[in-house]
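Report on the following structure.
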Amino acid sequence: MPDREPGARRIRVRGDAAVRILLFFVGLLLVGACTEQSNSVESESTTVVLKHSKLFGDPRPFERLLVQFERANPGVLVRAESLPAASDEQHQFYAINLAARSADFDVLALDVIWVAEFARAGWLRDVSHLLPEAQRNEFFHGPIEAVTWQGRLYALPWFMDAGVLYYRKDLLAKHQLAPPKTWDAMVQAARTIGERESGMHGFVWQGKQYEGLVCNALEYMWSNGGEVLRAGRVVLDGPSNRVALAFMRNLITSGVTPEFVSTLTEEPAREIFGRGSAVFLRNWPYAWQLFEQTGSAVRGKVGVSVLPHFPGQQSAATLGGWQLGVNRYTKHPQAAERLALYLASPAAQKALALAYGYNPPRRKLYQDKQLLAAQPFLAKLRAVYEHARPRPVTPHYVRLSQVLQAELSGALAGLKTPEQALADAQRDIEAILR
Amino acid sequence: MKREHSALFLAPAAITLGAVALFPVLSVLWLSLEQRSPLTDAARFIGLDNYARLLADTRFWNAFWNTTYFTVFSVTLELLLGLGMALLLARAFRGRALVYSLILLPWAIPTVVSARLWEWMYNADYGVLNYLLGTQINWLGSPAWALHAAILMDVWKATPFVALLLLAGLQTIPRELYQAAALDGASGWTVLRRITLPQLVPLMLVILIFRTIDAFRVFDAIYVLTGGGPANSTETLSIYAYKVLFQALEFGYGSALAVSVLVVVALLTIVYARLLRVRIA
């Protein structure tokens, strides 16, 4: 019996200790809250936070750009923060923070397909006043269309890219063929070369079920006069699109495109062309540098042009790239708007183009002597960018894309006829937009 | 006094469990009864509407049957192959330690890494699988093959786990049973059928619970291999739920999808637990 007493006391002492530890942590939290508050009161200058995707290359030119802004705007400090690497994660990051009305960042870099969605959710400031109508012509049409929702601008185009056609100019010359203007001419050229050269795929592109497939398919549809949405109505299931999708399926059944295109994303497709195993490739402009670097099997043998089109129609290219929006919940709207405007200015876009190869959405820079001397490839992209078009601008783009990805994939695999796939996609998209 | 103390001591565990297990489950259940997305103006309670939509959703049923097919085939194969491996490994032979560690390798590699490895092996253009077989199969790009390719990878990965557990089970079977069987002159087949397998059944049921639950929730392996394509032919319930929850940000409907996985897994577990109890009794 006497043994138990001290034991019980010890337990009670430990219980008290636990309470004390708890109190200690609560105290810590309070102290933390207080210091945070006093910090924000003490600081006199405003800090504007810029969220952007990770830069590849030397960070200094970008930092210099931000320092220049700080100098021109006394009292404003800029902190640049990188987003997670994967596009899904970036989208989630923004959605979770903005849905919680976070003011932790002020200026945000946006993928071209998110602007309408974020604008509809009420997360972006209307920035129409930053870019008066008269100045919008300075940009290519595609990026402006992408940042416009219900007649208002919700972001400023920052840098862009779009789908292009790469071809083996050495092989075309060897077989006396001109770079193809139409899809049929491309198929003919691929066939001719395929018959005479061994081990060559005709045309590789991105056919895996993912966002890239939608980017590819839209280019066929648009270059046959088709569309997905027109004035808010779903016009997917139409004759032009049926022809376009049937053509894509034919590329596979005729052997111009290998069957395993249904597994290809950008990089595997680039790799096939890059080791000299394909005559034509659809990809984004980033691939050019890789083809032209020392040690590349196709160095000096690659030509680039706008994608082909169907007879009597216009070429089209799917627009990619990044835009600058201003957080609706920012505490420093003026400073944030100034930063966005500054980063989208011709000078900043030129600096980013020189340092990182970011393609500016401003037309005029494609005549800039210094820029063209540093990056001759830009001259070729201008024509492509004039034809660049945004994917359907709707707040529900992600859901719409998921439907398209599955249906297009089904049509390419031959599970469904193009007619059936388009009719099914039309029905599902109508249900989403309703 | 004593009672007070016991409550105090239980509190940390109860709070932790409540915070990390109960609260999230309940909140997903609640979410599944709402229409909630950052894109719609306000969260709205809609009762069982999400579940009604689920039952009418062909993409849900496609994902459900894909998942079921994947689970049935991969778990069956893993159990059969794992049993074979365990029986072989139970025999004493030279280099057994080396074989042990070698067969465990697939289980030790992180799923995403092994999925990348298999993606290369399955490559239709220059993959080693087509090279060895002398075929030109579009493993991951054709709706007829893709799900089977995923099953093969899962079998490769999980069979060692099954084999190892069964091997441990084999060691626990009393030697006397085998000695008695030998005295009675039982054949190897009879010993396997009458002694080894019946003795392993409870363990097999436990393994089945683990593997079935795991297989039914499959996400990372298939997401890396195919992303759910082609034509949604490898879209499992978890992948569908991910795309709805984290890409389309439909938190309500996505939660309903997640709950559907939970319900199926719970039902399966109950069935297995019943069988297990019957066995033990």
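In the structure tokens, each chain is lettered A, B, ... as it comes, each chain's residues begin at 1, and ligands are numbered from 1 in order of appearance.
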Do me a favour and pick out the residues of chain A within 10 Å of chain B, using only C-alpha atoms, as an MDAnalysis selection string.
chainID A and resid 8 11:12 15 87:89 91:92 95:96 98:100 117:123 207:210 258:264 268 272 395:416
Create the file for the chosen residues now, containing C-alpha atoms and written as a tab-separated table (two decimals), in the first residue's frame.
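File out_19.tsv, as written:
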```
chain	number	residue	atom	x	y	z
A	8	ALA	CA	0.10	8.28	-7.77
A	11	ILE	CA	1.52	10.68	-12.05
A	12	ARG	CA	-0.19	13.82	-10.91
A	15	GLY	CA	-0.13	15.54	-15.52
A	87	SER	CA	1.05	22.38	-64.04
A	88	ASP	CA	-1.64	20.55	-62.02
A	89	GLU	CA	0.09	21.51	-58.79
A	91	HIS	CA	-3.32	25.20	-60.65
A	92	GLN	CA	-4.13	23.60	-57.28
A	95	ALA	CA	-7.13	27.53	-56.50
A	96	ILE	CA	-6.66	26.55	-52.86
A	98	LEU	CA	-7.40	32.08	-53.85
A	99	ALA	CA	-10.51	30.22	-52.76
A	100	ALA	CA	-9.35	31.08	-49.23
A	117	GLU	CA	-11.63	30.18	-64.98
A	118	PHE	CA	-9.96	32.45	-62.42
A	119	ALA	CA	-11.83	35.48	-63.73
A	120	ARG	CA	-15.15	33.68	-63.36
A	121	ALA	CA	-14.21	32.63	-59.83
A	122	GLY	CA	-13.60	36.29	-59.01
A	123	TRP	CA	-9.93	35.84	-58.20
A	207	GLY	CA	-1.40	11.61	-79.36
A	208	LYS	CA	-1.41	10.43	-75.76
A	209	GLN	CA	-4.59	11.09	-73.81
A	210	TYR	CA	-3.58	14.36	-72.12
A	258	PRO	CA	3.15	5.28	-86.22
A	259	GLU	CA	0.43	3.65	-84.16
A	260	PHE	CA	2.30	4.36	-80.94
A	261	VAL	CA	1.65	8.07	-81.39
A	262	SER	CA	-1.07	7.28	-78.85
A	263	THR	CA	1.69	7.17	-76.21
A	264	LEU	CA	3.60	10.25	-77.31
A	268	PRO	CA	9.22	11.42	-76.68
A	272	ILE	CA	12.24	10.55	-82.22
A	395	PRO	CA	-14.22	28.94	-67.08
A	396	HIS	CA	-14.94	25.24	-67.50
A	397	TYR	CA	-12.02	24.57	-69.80
A	398	VAL	CA	-10.47	21.84	-67.62
A	399	ARG	CA	-13.63	19.73	-67.67
A	400	LEU	CA	-14.15	20.40	-71.33
A	401	SER	CA	-10.59	19.29	-72.03
A	402	GLN	CA	-11.04	16.06	-70.07
A	403	VAL	CA	-14.01	15.17	-72.25
A	404	LEU	CA	-12.12	16.05	-75.43
A	405	GLN	CA	-9.02	14.11	-74.38
A	406	ALA	CA	-10.99	10.89	-73.88
A	407	GLU	CA	-13.15	11.20	-76.99
A	408	LEU	CA	-10.29	12.21	-79.29
A	409	SER	CA	-8.21	9.38	-77.90
A	410	GLY	CA	-11.07	6.96	-78.60
A	411	ALA	CA	-11.36	8.16	-82.18
A	412	LEU	CA	-7.61	7.88	-82.78
A	413	ALA	CA	-7.56	4.37	-81.35
A	414	GLY	CA	-10.41	3.40	-83.68
A	415	LEU	CA	-12.75	2.59	-80.80
A	416	LYS	CA	-15.21	5.10	-82.15
```
What lies within 7 Å of A:Tyr366 using only C-alpha atoms, ignoring chain neighbours under 2 positions off, as a compact mmCIF listing (two decimals) with N, CA and C atoms, in the first residue's frame?
```
# COMPACT_ATOMS: atom_id res chain seq x y z
N ARG A 363 4.17 42.19 -81.04
CA ARG A 363 4.60 42.06 -82.44
C ARG A 363 5.91 42.80 -82.72
N LYS A 364 6.01 44.00 -82.16
CA LYS A 364 7.10 44.89 -82.53
C LYS A 364 8.47 44.28 -82.24
N ASP A 368 12.85 43.76 -83.76
CA ASP A 368 13.95 44.33 -82.98
C ASP A 368 15.27 43.73 -83.44
N LEU A 372 16.61 39.94 -82.80
CA LEU A 372 16.68 39.02 -83.94
C LEU A 372 18.11 38.52 -84.17
N LEU A 378 13.36 33.67 -83.95
CA LEU A 378 12.16 34.46 -83.69
C LEU A 378 11.51 34.95 -84.98
N ALA A 379 12.34 35.26 -85.98
CA ALA A 379 11.80 35.77 -87.24
C ALA A 379 10.83 34.76 -87.85
N ARG A 382 7.23 34.56 -86.04
CA ARG A 382 6.24 35.62 -86.14
C ARG A 382 5.00 35.16 -86.92
```
Out of stretch 42-95 of chain B, which residues get alpha helix (DSSP H) from DSSP, as number ranges by chain?
B: 49-56, 58-90
Store the residues picked out above in a file with N, CA and C atoms, as a compact mmCIF listing (two decimals), in the first residue's frame.
```txt
# COMPACT_ATOMS: atom_id res chain seq x y z
N ASP B 49 -27.59 14.22 -54.50
CA ASP B 49 -27.54 14.49 -55.95
C ASP B 49 -26.24 14.01 -56.59
N ASN B 50 -25.11 14.20 -55.86
CA ASN B 50 -23.83 13.76 -56.42
C ASN B 50 -23.83 12.25 -56.65
N TYR B 51 -24.48 11.53 -55.74
CA TYR B 51 -24.51 10.08 -55.87
C TYR B 51 -25.45 9.65 -57.00
N ALA B 52 -26.52 10.41 -57.19
CA ALA B 52 -27.41 10.13 -58.31
C ALA B 52 -26.66 10.35 -59.62
N ARG B 53 -25.90 11.44 -59.66
CA ARG B 53 -25.11 11.73 -60.86
C ARG B 53 -24.09 10.62 -61.11
N LEU B 54 -23.52 10.14 -60.02
CA LEU B 54 -22.53 9.07 -60.09
C LEU B 54 -23.11 7.82 -60.76
N LEU B 55 -24.31 7.45 -60.33
CA LEU B 55 -24.90 6.21 -60.85
C LEU B 55 -25.24 6.33 -62.32
N ALA B 56 -25.48 7.56 -62.78
CA ALA B 56 -25.84 7.75 -64.19
C ALA B 56 -24.62 8.08 -65.05
N THR B 58 -21.50 7.42 -67.10
CA THR B 58 -20.86 6.29 -67.79
C THR B 58 -19.36 6.27 -67.51
N ARG B 59 -18.78 7.46 -67.32
CA ARG B 59 -17.34 7.49 -67.05
C ARG B 59 -17.04 6.86 -65.68
N PHE B 60 -17.97 7.04 -64.73
CA PHE B 60 -17.80 6.40 -63.42
C PHE B 60 -17.82 4.88 -63.58
N TRP B 61 -18.82 4.37 -64.33
CA TRP B 61 -18.92 2.91 -64.47
C TRP B 61 -17.75 2.35 -65.24
N ASN B 62 -17.28 3.10 -66.22
CA ASN B 62 -16.07 2.68 -66.94
C ASN B 62 -14.91 2.55 -65.96
N ALA B 63 -14.74 3.57 -65.12
CA ALA B 63 -13.64 3.54 -64.15
C ALA B 63 -13.84 2.42 -63.14
N PHE B 64 -15.08 2.21 -62.74
CA PHE B 64 -15.38 1.16 -61.77
C PHE B 64 -14.99 -0.21 -62.33
N TRP B 65 -15.39 -0.48 -63.56
CA TRP B 65 -15.08 -1.80 -64.13
C TRP B 65 -13.59 -1.94 -64.44
N ASN B 66 -12.95 -0.85 -64.86
CA ASN B 66 -11.49 -0.90 -65.04
C ASN B 66 -10.82 -1.28 -63.73
N THR B 67 -11.25 -0.63 -62.65
CA THR B 67 -10.63 -0.87 -61.35
C THR B 67 -10.87 -2.31 -60.90
N THR B 68 -12.11 -2.77 -61.10
CA THR B 68 -12.45 -4.13 -60.69
C THR B 68 -11.62 -5.15 -61.48
N TYR B 69 -11.56 -4.94 -62.78
CA TYR B 69 -10.79 -5.84 -63.64
C TYR B 69 -9.33 -5.88 -63.20
N PHE B 70 -8.79 -4.69 -62.99
CA PHE B 70 -7.39 -4.58 -62.55
C PHE B 70 -7.19 -5.32 -61.23
N THR B 71 -8.10 -5.10 -60.30
CA THR B 71 -7.95 -5.68 -58.96
C THR B 71 -8.03 -7.21 -59.02
N VAL B 72 -9.07 -7.72 -59.68
CA VAL B 72 -9.28 -9.17 -59.72
C VAL B 72 -8.07 -9.86 -60.34
N PHE B 73 -7.65 -9.37 -61.50
CA PHE B 73 -6.57 -10.07 -62.19
C PHE B 73 -5.23 -9.90 -61.49
N SER B 74 -4.92 -8.69 -61.06
CA SER B 74 -3.60 -8.53 -60.46
C SER B 74 -3.52 -9.27 -59.13
N VAL B 75 -4.56 -9.21 -58.31
CA VAL B 75 -4.48 -9.87 -57.00
C VAL B 75 -4.45 -11.39 -57.16
N THR B 76 -5.25 -11.93 -58.08
CA THR B 76 -5.24 -13.38 -58.30
C THR B 76 -3.85 -13.85 -58.74
N LEU B 77 -3.30 -13.15 -59.72
CA LEU B 77 -1.98 -13.54 -60.21
C LEU B 77 -0.92 -13.42 -59.12
N GLU B 78 -1.01 -12.34 -58.36
CA GLU B 78 -0.02 -12.13 -57.30
C GLU B 78 -0.09 -13.25 -56.27
N LEU B 79 -1.30 -13.68 -55.93
CA LEU B 79 -1.44 -14.73 -54.92
C LEU B 79 -0.88 -16.05 -55.45
N LEU B 80 -1.24 -16.39 -56.70
CA LEU B 80 -0.79 -17.67 -57.26
C LEU B 80 0.73 -17.67 -57.43
N LEU B 81 1.24 -16.62 -58.05
CA LEU B 81 2.69 -16.57 -58.27
C LEU B 81 3.44 -16.47 -56.95
N GLY B 82 2.88 -15.69 -56.02
CA GLY B 82 3.53 -15.53 -54.72
C GLY B 82 3.60 -16.86 -53.98
N LEU B 83 2.53 -17.65 -54.10
CA LEU B 83 2.51 -18.96 -53.46
C LEU B 83 3.59 -19.86 -54.05
N GLY B 84 3.65 -19.85 -55.37
CA GLY B 84 4.67 -20.66 -56.05
C GLY B 84 6.07 -20.26 -55.60
N MET B 85 6.29 -18.96 -55.57
CA MET B 85 7.61 -18.48 -55.17
C MET B 85 7.92 -18.88 -53.73
N ALA B 86 6.92 -18.75 -52.85
CA ALA B 86 7.14 -19.07 -51.44
C ALA B 86 7.48 -20.54 -51.28
N LEU B 87 6.76 -21.41 -52.01
CA LEU B 87 7.01 -22.85 -51.90
C LEU B 87 8.42 -23.18 -52.37
N LEU B 88 8.85 -22.52 -53.46
CA LEU B 88 10.20 -22.77 -53.96
C LEU B 88 11.24 -22.28 -52.96
N LEU B 89 11.00 -21.08 -52.43
CA LEU B 89 11.99 -20.48 -51.53
C LEU B 89 12.06 -21.20 -50.19
N ALA B 90 10.99 -21.92 -49.85
CA ALA B 90 10.97 -22.60 -48.55
C ALA B 90 11.96 -23.75 -48.53
```
Suppose you want the space between atom CA of A:Cys215 and atom CA of A:Pro180; what is it in Å?
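Interatomic distance here is 20.5 Å.
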